[in-house]
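Down below is the structure, laid out as structure tokens.
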Amino acid sequence: MTGSRLTHCPALPYNTVGLSLARCMLCYASRDTTWRAALMSEYQRYEWMTSDRPLTRAQLDAVNGLSSHIDASSTHALIEYQWGDFKHDPIQVLHEFFDGFLYWANWGAPELALRFPHGILPDDFLDGYELDEVVTFTQHPDYDILDIHFGDLEAPDEWVNYELGSLIALREELMDGDLRALYIVWLASQRMMGSADDDDEEEDEISVPPVPPALGTLTAAQQALSELLQVPHELLVAAARHSSAAPTSTHDDVAAWVTLVPPDRRTEYLVRLARNEPGLSRLLVKELRELSQLSQNSQGKSRATPSIGEHVTYATLLAESKAIRAQLEHEKREQEQLARQRQLQHIHDHQDQYWHQVDLAVTRSSGAGYDEAALLLSELREVADRFQETQEFQERFRAWVRPHLRRPAFVKRLHDRRFPLPDV
């Protein structure tokens, strides 16, 4: 897939919504034009990294010239904005200089893009995933760009500082044929688009991608991707229950396969190796495997092909995830109750120590001390109720509290917690 397409403001990747016109006026342009946008923003972060090789001095100088806000080294570049936006196409910067790119803003709209040596990933890489709304795979003569952009995804309620370093390993995993990351993107896209509504129960199982192997044991980078795209844990658990175990790795007999490469082709690889072409070893192994397969087919042999995973509709996964969530919440409540029971038992077995802590807290004669004392007394009262020792607690409390009734701030805290106080 080549050629220009309607592009996005780099500050608000791909169809971001929810901002007022006063906040953002977008100007659309093709990839070969300068970005134009008038934007008032709170926080935006652009980050690039190299993986195959560091930048040259000339490349680093060019990167440093992209923005006065940039902090760049030979392997990394970072721009953070509290006002304004990046005036260049970040994907073009990725294509020219780096291997990975990550964008996010305080309102959401995450974008992750990875650069691959041309031909490493197959042309039909995205077939069967139906990710046109959130993923593009653009092939160039030198590099191919996988661009994952969730412009309509709002930021989580709590601040999360996403970093490209936790995600860059996805590039190697995808080149190794590990499609778990792509399946996570599919889950995120289905969740964002709400494709599992009740009136969409006729979803065709053939139109959904197969569940990849080993989905229950995600790598650190895949876990970071699921967090970036806000895929719920219970949804991953539901999908993992339909996932097979990781396939057994087979030994590649590279030494024997090399003899299948024509001499002129071998010479070409040596020349490209001398030029330090990135990704060359992967391209060579890919070609060797293809030649080996052709050789075996010509001899009437066949290699074992990996089994295709189960096709499970998103509606099914969503229903299963709701049951899993209910189960996880039930287990969490049980664990919290057990922990509380153990805590109360500990307080009951060490009551004198807790009364001593109450004394120390009150005598500090501070708001924090009074808060601590009132809390400890509430714990002691709950223990007494739990172990049917309420009368003993009340007698001890009335005797203990009398010297402290001339502390109005502390008395107020006791009233707030409904402690009955004796008359002064």
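FYI, nothing fancy with the structure tokens labels: chains A, B, ... in order, residues from 1 per chain, ligands from 1 as they appear.
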Strand (DSSP E or B) residues, from DSSP on the backbone, in range 47-130 of chain A, as a VMD selection string | chain A and resid 47 to 49 71 to 72 76 to 81 100 to 105 108 to 117
For Val258 in chain A, work out the shell of residues within 12 Å, counting only C-alpha atoms and skipping chain neighbours fewer than 3 positions away, then give it as JSON, numbers by chain.
-> {"A": [252, 253, 254, 255, 261, 262, 263, 265, 266, 267, 269, 284, 285, 286, 287, 288, 289, 290, 291, 292]}
Could you save the residues just selected, with C-alpha atoms, as a compact mmCIF listing (two decimals), in the first residue's frame?
```txt
# COMPACT_ATOMS: atom_id res chain seq x y z
CA ASP A 252 16.71 -23.83 11.36
CA ASP A 253 19.46 -25.68 9.48
CA VAL A 254 20.86 -22.48 8.02
CA ALA A 255 24.18 -24.07 7.00
CA VAL A 261 20.87 -19.98 -2.64
CA PRO A 262 22.15 -19.34 -6.22
CA PRO A 263 25.77 -18.07 -6.32
CA ARG A 265 22.26 -14.23 -4.99
CA ARG A 266 24.86 -15.10 -2.35
CA THR A 267 27.17 -12.46 -3.78
CA TYR A 269 23.82 -10.67 0.07
CA LEU A 284 18.15 -13.87 4.47
CA VAL A 285 16.61 -16.32 6.95
CA LYS A 286 13.17 -15.64 5.49
CA GLU A 287 14.42 -16.43 1.99
CA LEU A 288 16.27 -19.54 3.21
CA ARG A 289 13.09 -20.89 4.81
CA GLU A 290 11.17 -20.31 1.58
CA LEU A 291 13.87 -22.08 -0.44
CA SER A 292 13.89 -24.96 2.03
```
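Residues in contact with Phe116 in chain A at up to 9 Å, not including ones fewer than 2 positions away on its chain and judged by only C-alpha atoms, are Asp99, Leu114, His118, Gly119, Ile120, Leu121, Asp142, Tyr143, Asp144, Ile145, Leu146, Arg171, Met175, Pro278 and Gly279 of chain A.
The spacing separating CA of Ala181 in chain A from CA of Ala214 in chain A amounts to 11.5 Å.
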Spatial neighbours of His348 in chain A, max dist 8 Å, only C-alpha atoms, sep filter under 4 positions, as a list in words | Leu344, Leu380, Val383 and Ala384 of chain A
